[in-house]
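What follows is the content of run36.txt (compact mmCIF, C-alpha atoms and all ligand atoms).
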```txt
# COMPACT_ATOMS: atom_id res chain seq x y z
CA MET Y 2 -26.78 28.95 100.70
CA THR Y 3 -23.98 30.52 102.74
CA PRO Y 4 -22.38 33.41 100.86
CA LEU Y 5 -18.65 33.17 100.27
CA LEU Y 6 -18.11 36.81 101.16
CA GLU Y 7 -20.15 38.86 103.59
CA VAL Y 8 -19.47 42.50 104.34
CA HIS Y 9 -21.48 43.93 107.19
CA VAL Y 10 -20.92 47.62 107.83
CA ARG Y 11 -22.78 49.10 110.74
CA GLN Y 12 -21.08 52.43 110.31
CA ARG Y 13 -18.05 54.09 108.81
CA ARG Y 14 -17.48 57.72 109.60
CA TYR Y 15 -14.55 60.06 109.27
CA ALA Y 16 -13.68 62.89 111.62
CA GLN Y 17 -14.16 66.21 109.90
CA GLY Y 18 -12.85 68.92 112.20
CA GLU Y 19 -15.14 68.83 115.22
CA ALA Y 20 -17.85 66.91 113.39
CA TRP Y 21 -18.23 63.50 111.80
CA ASN Y 22 -18.79 62.67 108.18
CA GLU Y 23 -20.88 59.51 108.19
CA VAL Y 24 -20.02 57.73 104.95
CA LEU Y 25 -21.67 54.32 105.30
CA ARG Y 26 -24.45 53.04 107.53
CA ASP Y 27 -26.02 49.59 107.72
CA VAL Y 28 -24.68 48.28 104.46
CA HIS Y 29 -24.77 44.52 104.12
CA VAL Y 30 -23.34 42.89 101.03
CA ARG Y 31 -23.35 39.14 100.46
CA VAL Y 32 -21.64 37.58 97.48
CA ALA Y 33 -22.08 33.92 96.60
CA ALA Y 34 -19.17 31.80 95.40
CA GLY Y 35 -18.58 32.39 91.72
CA GLU Y 36 -20.82 35.44 91.63
CA ILE Y 37 -19.81 38.75 90.03
CA VAL Y 38 -21.35 41.73 91.80
CA SER Y 39 -20.93 45.41 90.92
CA LEU Y 40 -21.31 48.43 93.17
CA VAL Y 41 -22.45 51.64 91.53
CA GLY Y 42 -23.38 55.01 92.99
CA ALA Y 43 -22.58 58.68 92.97
CA SER Y 44 -19.01 59.80 93.36
CA GLY Y 45 -18.17 60.07 97.06
CA CYS Y 46 -20.99 57.75 98.21
CA GLY Y 47 -18.57 55.33 99.85
CA LYS Y 48 -17.87 52.65 97.23
CA SER Y 49 -14.10 52.64 97.70
CA THR Y 50 -14.57 52.78 101.45
CA LEU Y 51 -16.78 49.69 101.27
CA LEU Y 52 -14.29 47.84 99.11
CA ARG Y 53 -11.40 48.68 101.44
CA ILE Y 54 -13.44 47.32 104.33
CA ALA Y 55 -14.12 44.13 102.35
CA ALA Y 56 -10.37 43.77 101.77
CA GLY Y 57 -9.63 43.95 105.49
CA LEU Y 58 -7.80 47.24 104.93
CA ASP Y 59 -9.94 49.44 107.18
CA ARG Y 60 -9.50 48.94 110.90
CA GLU Y 61 -11.53 51.97 111.91
CA ALA Y 62 -14.87 50.88 110.49
CA ASP Y 63 -17.58 49.43 112.68
CA ALA Y 64 -17.87 46.45 110.39
CA GLN Y 65 -17.42 42.73 110.04
CA VAL Y 66 -16.18 40.81 107.04
CA LEU Y 67 -16.70 37.07 106.74
CA LEU Y 68 -15.13 34.76 104.22
CA ASP Y 69 -16.83 31.39 104.16
CA GLY Y 70 -18.32 32.30 107.51
CA ARG Y 71 -14.97 33.08 109.14
CA PRO Y 72 -13.99 36.60 110.20
CA VAL Y 73 -11.44 38.44 108.09
CA ILE Y 74 -9.36 40.57 110.41
CA GLY Y 75 -6.80 42.00 108.02
CA PRO Y 76 -5.41 41.65 104.53
CA THR Y 77 -5.44 38.04 103.38
CA ARG Y 78 -4.27 36.11 100.36
CA ASP Y 79 -7.82 34.89 99.85
CA ILE Y 80 -9.03 38.40 99.05
CA ARG Y 81 -7.06 40.47 96.55
CA PHE Y 82 -7.49 44.05 95.46
CA VAL Y 83 -7.01 45.56 92.00
CA PHE Y 84 -6.88 49.36 92.02
CA GLN Y 85 -7.79 51.93 89.41
CA GLU Y 86 -4.11 52.45 88.64
CA PRO Y 87 -1.88 49.40 88.16
CA ARG Y 88 0.43 50.31 91.08
CA LEU Y 89 3.37 48.34 89.68
CA PHE Y 90 6.88 48.64 91.08
CA PRO Y 91 8.69 50.60 88.34
CA TRP Y 92 12.07 49.01 89.05
CA LEU Y 93 10.81 45.41 88.83
CA SER Y 94 10.17 43.48 85.64
CA VAL Y 95 6.62 42.57 84.68
CA ALA Y 96 7.22 38.97 85.79
CA ARG Y 97 8.55 40.06 89.19
CA ASN Y 98 5.67 42.44 89.65
CA VAL Y 99 3.23 39.58 89.06
CA ALA Y 100 5.03 37.31 91.53
CA PHE Y 101 5.77 40.00 94.09
CA ASP Y 102 3.23 39.08 96.75
CA LEU Y 103 4.52 35.55 97.11
CA ASP Y 104 8.11 35.85 96.01
CA ASP Y 105 8.91 39.27 97.41
CA GLY Y 106 10.45 40.36 94.12
CA ARG Y 107 13.59 38.33 94.78
CA ALA Y 108 12.95 34.71 93.90
CA GLN Y 109 13.11 33.52 90.32
CA PRO Y 110 9.58 33.92 88.99
CA SER Y 111 7.86 30.57 88.70
CA PRO Y 112 6.58 29.12 85.39
CA ARG Y 113 3.12 30.03 86.60
CA VAL Y 114 3.97 33.68 85.97
CA GLU Y 115 4.44 33.01 82.27
CA GLU Y 116 1.16 31.08 82.18
CA LEU Y 117 -0.68 33.95 83.81
CA LEU Y 118 0.93 36.50 81.51
CA ALA Y 119 -0.19 34.44 78.52
CA GLU Y 120 -3.65 34.28 79.99
CA VAL Y 121 -3.90 38.06 80.20
CA GLY Y 122 -2.49 38.49 76.69
CA LEU Y 123 1.07 39.41 77.65
CA ALA Y 124 2.95 36.27 76.63
CA GLY Y 125 6.67 36.89 76.33
CA LEU Y 126 6.60 40.34 77.99
CA GLY Y 127 7.75 39.19 81.44
CA ALA Y 128 11.16 40.82 81.15
CA ARG Y 129 9.81 44.28 80.34
CA LEU Y 130 9.72 47.12 82.79
CA PRO Y 131 6.40 48.81 83.58
CA LYS Y 132 7.42 51.98 81.74
CA GLN Y 133 7.61 49.93 78.54
CA LEU Y 134 3.92 49.03 78.77
CA SER Y 135 0.76 50.81 77.64
CA GLY Y 136 -1.84 51.68 80.28
CA GLY Y 137 -3.97 48.72 79.25
CA GLN Y 138 -1.02 46.33 79.37
CA ALA Y 139 -0.06 47.60 82.83
CA GLN Y 140 -3.58 46.94 84.07
CA ARG Y 141 -3.36 43.41 82.63
CA VAL Y 142 -0.25 42.94 84.76
CA ALA Y 143 -2.20 44.14 87.79
CA ILE Y 144 -4.88 41.55 87.08
CA ALA Y 145 -2.26 38.80 86.66
CA ARG Y 146 -0.72 39.87 89.98
CA GLY Y 147 -4.15 39.68 91.61
CA LEU Y 148 -4.52 36.11 90.36
CA TYR Y 149 -1.01 34.91 91.21
CA VAL Y 150 -1.75 34.22 94.87
CA GLN Y 151 -4.84 32.21 93.85
CA PRO Y 152 -7.34 34.27 95.82
CA ARG Y 153 -10.93 33.25 96.24
CA VAL Y 154 -12.21 36.79 95.94
CA LEU Y 155 -11.04 39.61 93.68
CA LEU Y 156 -12.06 43.15 94.60
CA LEU Y 157 -11.66 45.72 91.83
CA ASP Y 158 -12.04 49.48 92.31
CA GLU Y 159 -12.86 51.12 88.98
CA PRO Y 160 -10.17 48.97 87.38
CA PHE Y 161 -10.65 50.17 83.81
CA SER Y 162 -11.37 53.86 84.34
CA ALA Y 163 -7.92 54.98 83.32
CA VAL Y 164 -7.81 53.20 79.94
CA ASP Y 165 -9.38 54.19 76.63
CA ALA Y 166 -12.86 52.97 75.73
CA PHE Y 167 -11.69 50.35 73.25
CA THR Y 168 -9.14 48.85 75.66
CA ARG Y 169 -11.78 48.94 78.34
CA LEU Y 170 -14.12 46.64 76.42
CA LYS Y 171 -11.28 44.20 75.82
CA LEU Y 172 -10.25 44.24 79.48
CA GLN Y 173 -13.83 43.60 80.59
CA ASP Y 174 -13.95 40.44 78.49
CA LEU Y 175 -10.50 39.46 79.70
CA LEU Y 176 -11.63 39.83 83.30
CA LEU Y 177 -14.68 37.66 82.65
CA ARG Y 178 -12.54 34.97 81.05
CA VAL Y 179 -9.97 34.78 83.81
CA VAL Y 180 -12.33 34.92 86.77
CA GLN Y 181 -14.45 32.19 85.22
CA ALA Y 182 -11.40 30.07 84.42
CA HIS Y 183 -10.12 30.40 88.00
CA GLY Y 184 -13.53 30.21 89.70
CA ILE Y 185 -13.00 33.55 91.40
CA THR Y 186 -15.73 35.53 93.09
CA VAL Y 187 -15.77 39.23 92.21
CA LEU Y 188 -16.93 42.43 93.87
CA LEU Y 189 -16.25 45.39 91.63
CA VAL Y 190 -16.80 49.14 91.77
CA THR Y 191 -17.55 50.92 88.54
CA HIS Y 192 -19.17 54.16 87.43
CA ASP Y 193 -19.95 52.70 84.02
CA ILE Y 194 -23.46 51.20 83.81
CA ASP Y 195 -22.65 49.28 80.63
CA GLU Y 196 -19.67 47.71 82.36
CA ALA Y 197 -21.73 46.80 85.44
CA VAL Y 198 -24.38 45.13 83.29
CA HIS Y 199 -21.95 43.34 81.00
CA LEU Y 200 -19.94 41.88 83.87
CA SER Y 201 -22.31 41.29 86.73
CA ASP Y 202 -24.82 38.80 87.98
CA ARG Y 203 -26.13 41.53 90.26
CA VAL Y 204 -25.69 45.30 90.49
CA ILE Y 205 -25.89 46.98 93.90
CA VAL Y 206 -26.89 50.64 93.74
CA LEU Y 207 -25.75 52.83 96.64
CA ASP Y 208 -27.18 56.17 97.59
CA SER Y 209 -25.23 58.70 99.59
CA GLY Y 210 -25.14 60.75 102.73
CA PRO Y 211 -24.70 58.18 104.34
CA GLY Y 212 -24.19 55.48 101.75
CA ARG Y 213 -26.80 52.75 101.96
CA ILE Y 214 -28.04 50.15 99.53
CA ALA Y 215 -30.77 51.78 97.46
CA ALA Y 216 -31.47 48.87 95.14
CA GLU Y 217 -30.16 45.56 93.90
CA VAL Y 218 -30.69 44.81 90.25
CA PRO Y 219 -30.26 41.20 89.15
CA VAL Y 220 -28.82 40.85 85.66
CA SER Y 221 -30.24 37.64 84.30
CA VAL Y 222 -28.83 37.96 80.79
CA PRO Y 223 -27.37 34.61 79.67
CA ARG Y 224 -23.59 34.37 79.22
CA PRO Y 225 -21.65 34.88 77.08
CA ARG Y 226 -23.37 38.23 76.84
CA ASP Y 227 -24.05 40.23 73.76
CA ARG Y 228 -23.82 43.92 74.56
CA ASP Y 229 -26.48 44.70 71.98
CA ASP Y 230 -28.95 42.09 73.21
CA PRO Y 231 -32.30 43.70 74.18
CA SER Y 232 -32.18 41.96 77.59
CA SER Y 233 -28.83 43.68 78.31
CA GLN Y 234 -30.43 46.97 77.36
CA ALA Y 235 -33.37 46.28 79.67
CA ALA Y 236 -30.95 45.60 82.55
CA PHE Y 237 -29.13 48.85 81.70
CA ALA Y 238 -32.43 50.72 81.96
CA ASP Y 239 -33.16 49.08 85.34
CA VAL Y 240 -29.80 50.15 86.77
CA ARG Y 241 -30.14 53.65 85.37
CA ARG Y 242 -33.59 53.99 86.90
CA ALA Y 243 -32.30 52.79 90.28
CA LEU Y 244 -29.42 55.29 90.12
CA HIS Y 245 -31.90 58.00 89.27
CA LEU Y 246 -34.07 57.10 92.27
CA ALA Y 247 -30.93 57.15 94.43
CA HIS Y 248 -30.27 60.70 93.17
CA ALA Y 249 -26.98 59.58 91.66
CA LEU Y 250 -27.99 60.79 88.17
N1 LIG O 1 -9.29 58.71 104.63
C1 LIG O 1 -10.34 59.52 104.61
N2 LIG O 1 -10.47 60.55 105.49
C2 LIG O 1 -11.56 61.35 105.48
N3 LIG O 1 -12.58 61.23 104.64
C3 LIG O 1 -12.52 60.24 103.73
C4 LIG O 1 -11.41 59.34 103.67
N4 LIG O 1 -11.64 58.44 102.67
C5 LIG O 1 -12.83 58.77 102.14
N5 LIG O 1 -13.35 59.85 102.78
C6 LIG O 1 -14.65 60.46 102.48
O1 LIG O 1 -15.62 59.43 102.44
C7 LIG O 1 -16.54 59.66 101.39
C8 LIG O 1 -16.60 58.44 100.49
O2 LIG O 1 -15.36 58.27 99.84
P1 LIG O 1 -15.12 57.06 98.83
O3 LIG O 1 -15.41 55.78 99.53
O4 LIG O 1 -13.76 57.24 98.28
O5 LIG O 1 -16.24 57.34 97.72
P2 LIG O 1 -16.43 56.73 96.27
O6 LIG O 1 -15.42 55.66 96.07
O7 LIG O 1 -17.85 56.24 96.25
O8 LIG O 1 -16.28 57.86 95.31
C9 LIG O 1 -16.11 60.93 100.69
O9 LIG O 1 -16.88 61.99 101.20
C10 LIG O 1 -14.67 61.08 101.11
O10 LIG O 1 -14.32 62.43 101.15
MG MG O 2 -13.87 55.46 94.72
```
Since I need it in another form, could you write the structure as structure tokens?
Ligand SMILES: Nc1ncnc2c1ncn2[C@@H]1O[C@H](COP(=O)(O)OP(=O)(O)O)[C@@H](O)[C@H]1O
Ligand SMILES: [Mg+2]
Amino acid sequence: MTPLLEVHVRQRRYAQGEAWNEVLRDVHVRVAAGEIVSLVGASGCGKSTLLRIAAGLDREADAQVLLDGRPVIGPTRDIRFVFQEPRLFPWLSVARNVAFDLDDGRAQPSPRVEELLAEVGLAGLGARLPKQLSGGQAQRVAIARGLYVQPRVLLLDEPFSAVDAFTRLKLQDLLLRVVQAHGITVLLVTHDIDEAVHLSDRVIVLDSGPGRIAAEVPVSVPRPRDRDDPSSQAAFADVRRALHLAHAL
């Protein structure tokens, strides 16, 4: 089966004074349509770098990104990015933030905005300003904005790291619901093993210096998943072991 998303990185290095800091080498990630894949690894191992490459945001990398077999040469509507912080425009309403990519913050937000807001649990809050939202609500807006352009792939870089643990669990289940409802393929960076196991069909473990794929752990726990299910705990142990072998723990 052809993967929907392929990220082939031969090398990514950054100039460091006279020398080079080689961050990624020979990393090949393939994600099938509808699949949810997590990237985990030590801080600084190149996860965000890899995700930026996948988004077509890194022109310096020696890399190729393919969507449905076709090269991605820059940012595209088909591949959307959700960052660790919501990155909302503070002067625009929630509804206009959601619609910004298509409507440029000027047009009257379409009825689809209200539908999306309801879907992420923010029905009726479209007129609010970002400063009137909690951190978790703001991140829900960021997810709605990611969905508004109807992308095929959503890339998320530690999307729930800045919210409290309770909100985090709720946002994980929200993400699962919406990506399944919209048939979206997901590549996600997290440093939380529980989160990786709960969300993913497959967990890719990176090692560092330079970042390479150390292991891929399939998570074959049936959905909807019960966090306390022994098979989830077995998958957790597999990922933790792989991280340990990759010297990330
Ligand atoms: N724009 C940049 N210029 C120079 N070095 C960078 C830049 N972005 C990232 N790096 C370096 O690349 C390495 C990987 O960074 P990053 O991909 O952010 O790691 P991670 O997301 O896994 O924590 C780090 O050593 C970081 O310092
Ligand atoms: Mg990062």
Taking only residues of range 49-104 of chain Y that have an atom at most 12 Å from an atom of range 204-219 of chain Y, what is each one's shortest atom pair and its distance in Å to one decimal, using all atoms listed in the file, in chain and number order, as a tab-separated table?
```
residue	atom	partner	partner_atom	distance
Y:Ser49	CA	Y:Gly212	CA	11.2
Y:Thr50	CA	Y:Gly212	CA	10.0
Y:Leu51	CA	Y:Gly212	CA	9.4
```
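CA of Gly45 in chain Y is positioned 6.1 Å from atom O10 of ligand LIG 1 (chain O).
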Please identify all protein, DNA and RNA residues within 9 Å of ligand MG 2 (chain O), counting all atoms listed in the file, and report them as an mmCIF file with C-alpha atoms, in the coordinates of the input.
```
data_model
loop_
_atom_site.group_PDB
_atom_site.id
_atom_site.type_symbol
_atom_site.label_atom_id
_atom_site.label_comp_id
_atom_site.auth_asym_id
_atom_site.auth_seq_id
_atom_site.Cartn_x
_atom_site.Cartn_y
_atom_site.Cartn_z
ATOM 1 C CA SER Y 44 -19.010 59.800 93.360
ATOM 2 C CA GLY Y 45 -18.170 60.070 97.060
ATOM 3 C CA CYS Y 46 -20.990 57.750 98.210
ATOM 4 C CA GLY Y 47 -18.570 55.330 99.850
ATOM 5 C CA LYS Y 48 -17.870 52.650 97.230
ATOM 6 C CA SER Y 49 -14.100 52.640 97.700
ATOM 7 C CA THR Y 50 -14.570 52.780 101.450
ATOM 8 C CA LEU Y 52 -14.290 47.840 99.110
ATOM 9 C CA GLN Y 85 -7.790 51.930 89.410
ATOM 10 C CA ASP Y 158 -12.040 49.480 92.310
ATOM 11 C CA GLU Y 159 -12.860 51.120 88.980
ATOM 12 C CA VAL Y 190 -16.800 49.140 91.770
ATOM 13 C CA THR Y 191 -17.550 50.920 88.540
#
```
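Of the residues under consideration (Y:Pro87, Y:Gly42, Y:Pro152, Y:Gly70), Y:Gly42 shows the shortest atom-to-atom contact distance to ligand LIG 1 (chain O) when counting only C-alpha atoms and all ligand atoms.
Separating CA of Val114 in chain Y from CA of Arg141 in chain Y is a distance of 12.6 Å.
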Closest of Y:Val73, Y:Leu148, Y:Leu175, Y:Val154 to Phe101 in chain Y, counting only C-alpha atoms, is Y:Leu148
Could you pull the residues within 9 Å of His183 in chain Y, counting all atoms listed in the file, minus those fewer than 5 positions along the same chain, as an MDAnalysis selection string?
chainID Y and resid 148 151 153 178
9 Å contact set for Gly125 in chain Y, all atoms listed in the file, chain neighbours under 6 positions out, as a PyMOL selection string:
chain Y and resi 115+118-119
To test the calculation: enclose all listed atoms of ligand LIG 1 (chain O) in a box whose edges run along x, y and z, add 8 Å on each side, then state centre and edge lengths in Å to one decimal, as lines of an AutoDock Vina configuration file.
```
center_x = -13.6
center_y = 59.0
center_z = 100.4
size_x = 24.6
size_y = 22.8
size_z = 26.2
```
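Note that CA of Val28 in chain Y and atom C4 of ligand LIG 1 (chain O) are 17.3 Å apart.
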Taking (-35.9, 37.5, 87.2) as a centre in this file's frame and 12 Å as the limit, can you find every polymer residue with an atom that close, using only C-alpha atoms, and give them as an MDAnalysis selection string?
chainID Y and resid 202:203 217:223 232 235:236
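Comparing Y:Leu189, Y:Val150, Y:Ile74, Y:Ala33 by their smallest distance to ligand LIG 1 (chain O), the closest is Y:Leu189 (using all atoms listed in the file).
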Which neighbours of Ala249 in chain Y fall inside 6 Å, counting all atoms listed in the file, when residues of the same chain fewer than 3 positions from it are skipped, and could you give them as a ChimeraX atom specification?
/Y:42-43,244-245
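The nearest approach to ligand LIG 1 (chain O) among the residues Y:Leu67, Y:Leu89, Y:Leu157, Y:Leu117, with all atoms listed in the file taken into account, belongs to Y:Leu157.
Among the candidate residues Y:Ala124, Y:Val180, Y:Val240, Y:Val95, the one lying nearest to Val198 in chain Y is Y:Val240, with distances computed using all atoms listed in the file.
Among the candidates Y:Asp102, Y:Asp230, Y:Glu23, Y:Glu196, the one nearest to ligand LIG 1 (chain O) when counting only C-alpha atoms and all ligand atoms is Y:Glu23.
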Within 7 Å of range 136-140 of chain Y, counting all atoms listed in the file, which residues qualify if same-chain residues fewer than 5 places away don't, as a JSON list (two decimals) with C-alpha atoms, in the frame of the given file?
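Result file is part.json:
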```
[["chain", "number", "residue", "atom", "x", "y", "z"],
["Y", 87, "PRO", "CA", -1.88, 49.40, 88.16],
["Y", 131, "PRO", "CA", 6.40, 48.81, 83.58],
["Y", 164, "VAL", "CA", -7.81, 53.20, 79.94],
["Y", 168, "THR", "CA", -9.14, 48.85, 75.66]]
```
In the coordinates of the file, take the point (-11.5, 50.5, 108.0) and a cut-off of 12 Å; then, counting only C-alpha atoms, name each qualifying protein, DNA or RNA residue as JSON, numbers by chain.
{"Y": [8, 9, 10, 11, 12, 13, 14, 15, 24, 25, 47, 49, 50, 51, 52, 53, 54, 55, 56, 57, 58, 59, 60, 61, 62, 63, 64, 65, 66, 74, 75, 76]}
Please provide the set of residues having any atom within 6 Å of Leu188 in chain Y, restricted to all atoms listed in the file, with same-chain residues fewer than 5 positions apart removed, written as a ChimeraX atom specification.
/Y:38-39,156
